[in-house]
Amino acid sequence: MMLRRHPPAGEAGVRQQRSVTARSARAADPTRDHPRSVLPADLPEEAPLAPRALAPLSNRPYRTYLAGHAVASTGVWMQNIATDWLVLELTGSPAAVGVTMACQFAPVLLLGLHAGQLADRFPKRTLLMLTQAAFLTLTATLAVVTLTGVATAPLVWALALVGGCVTAVDGPARQAFAGELVPADHLRGAVSLNSAVFQTSRLLGPAVAATLISTVGTGWAFAATAVCFTAPLVALALLRPADLLTLPVPRVPGAPRDRGSVRTALAHVRQRPHVLVTIVLVGIVGTFGLNFPVVLTAMSTEVLHGGPELYGAFNTALALGSTAGALVAGTRATTRLRLIVAACLGFGALQAAASLAPNAAVLLVVLVAVGLVNLAFQAMANSSVQLWVDPDVRGRVMGLYLLAFVGGTPFGAPLVGWITETWGARVGLAFCGLVPAGAALVAAVLLARRVGVHPAQTVGRAVAARAGDLRLASSAWLPAAPASSSSEVTRPAWQRPRRPSSRPQPAAATWRSSRSSAAAPRRTRRAASRTGSAG
């Protein structure tokens with residue numbers, strides 16, 4: 001009968017205590033659920049908790065700002081409908097309405113990059129108060145000239161051109177202002193809530209404008225819109241400087257001082273491939289994928305033989321899906337470039353599939369999914385770009401982002417319209433989906449071919465940026481660092497050497513391991529004695 005030797009009771013107790021301690025340490029490890037995140041050693045344990053979609057609402061300054069933003073967004077849609085209807089009443093020409101849209105978007109295309117400099121040089125809260133005051137003045141002017149009967153098409157175009165210039169300044173400042181209202185781990189939820197509010201106002205604003213125009217006239221619709229623009233002014237005035245989260249940017253000794261040039265922002269983006277890929281995908285989606293007014297109008301009239309009611313139902317389906325998609329994007333705990341690429345691919349594939357819908361009911365269901373994936377892609381791309389760039393260039397980078405998003409519309413919309421008119425609405429809708437899907441596939445192939453680089457980003461890096469480690473937070477793709485004790489903080493977790501497992505081993509296996517380690521010196525001495533005798 002063989003007797004199995006067991007370790008002493010004291011050693012077993014120590015080993016059991018060590019295993020309990022190891023399990024507790026793994027449970028409290030902030031990188032356990034985010035193995036590819038890079039966190040400084042002194043980061044609090046609660047930092048990487050997954051952000052919820054409604055978590056930013058716990059912040060009082062953000063709630064105040066969001067309330068004003070909701071009213072102003074409704075006013076924006078009301079003003080768009082009232083302006084287009086006024087021009088149509090004055091001229092009776094749809095081409096004149098197109099000129100109005102060109103006056104609104106051309107300044108964004110020409111001034112987008114340079115307007116972002118203002119967001120980096122001056123306080124964003126002050127800029128937003130000035131732009132909202134300008135919107136209020138322009139809308140009140142439209143109300144006065146319409147009610148007095150002196151409105152003309154050139155006058156409306158001039159006011160639309162000035163409004164486009166104000167929008168060029170307002171856009172980058174508004175996008176970057178979210179980072180000063182909420183902590184970095186809530187930024188994704190804040191961007192998603194902003195998108196959800198904007199999409200909800202897209203349903204409410206045109207309905208309110210149509211009701212006012214049909215009951216009291218276009219002039220009073222402008223007057224009601226001017227009242228809406230007072231809400232963000234009040235909300236911004238209620239925000240105190242102490243409510244804003246500002247992060248000082250450390251300067252490298254001997255580095256030239258950044259004077260807010262556009263070239264600096266372009267170099268910043270070029271040095272970060274993940275930011276560049278995201279902005280390129282956003283530009284392709286904005287240029288080719290978001291031409292719903294062109295293709296859905298043709299689908300509702302030429303293919304499905306419907307009318308304005310069916311076209312309105314299509315827009316309602318898109319808005320409902322967009323609201324859901326914005327909220328879904330806010331629940332994401334990680335920021336991964338491959339997820340953004342996958343969302344772009346899904347948006348293109350769904351839109352191409354919508355071109356094959358046999359009837360209106362199927363198309364309505366697919367359009368809900370298209371709107372969901374589209375807004376999820378936009379919300380993730382927007383928040384990710386803000387988290388991936390340094391705060392001192394965020395305004396200029398967001399100006400570049402908005403330029404890519406809306407700047408291609410004057411080129412993509414006519415092309416899609418020509419394709420739709422020449423080959424039909426189904427071909428036009430399929431084209432709008434296949435181009436973004438193809439761009440996403442190219443981006444996926446390029447990412448897969450990169451050796452030694454991983455595009456993963458997590459909320460932990462954004463929290464690290466709030467902790468002050470800007471270089472760590474902005475380095476999305478980190479090359480392998482030399483193996484040393486000091487490089488463990490700066491190297492991604494997926495590039496670090498595998499640590500020995502701290503799981504408890506069976507008693508017999510542990511005792512055999514201890515016997516082997518104890519016998520190793522004796523085997524070494526025997527081998528040395530045999531070598532000496534042989535010599």
# chains A, B, ... in the order shown; residues from 1 in each chain; ligands from 1
>>> residues_around(residues="stretch 121-128 of chain A", least_positions_apart="2", cutoff="10 Å", atoms="only C-alpha atoms", output="number ranges by chain")
A: 116-119, 130-134, 166, 169-178, 180, 232-233, 236-237, 239-241, 244, 259-260, 392-393, 395-396
>>> residues_around(residues="stretch 339-348 of chain A", least_positions_apart="3", cutoff="6 Å", atoms="only C-alpha atoms", output="PyMOL selection string")
chain A and resi 336+351+370+373-374+377+433-434+436-437+440
>>> select_by_dssp(residues="stretch 249-433 of chain A", states="alpha helix (DSSP H)", output="VMD selection string")
chain A and resid 262 to 270 273 to 284 292 to 298 308 to 330 337 to 354 360 to 388 394 to 406 409 to 423 425 to 433
>>> atom_distance(atom1="atom CA of A:Ala184", atom2="atom CA of A:Val262")
24.7 Å
>>> residues_around(residues="A:Ala404", least_positions_apart="5", cutoff="7 Å", atoms="only C-alpha atoms", output="PyMOL selection string")
chain A and resi 279+282-283
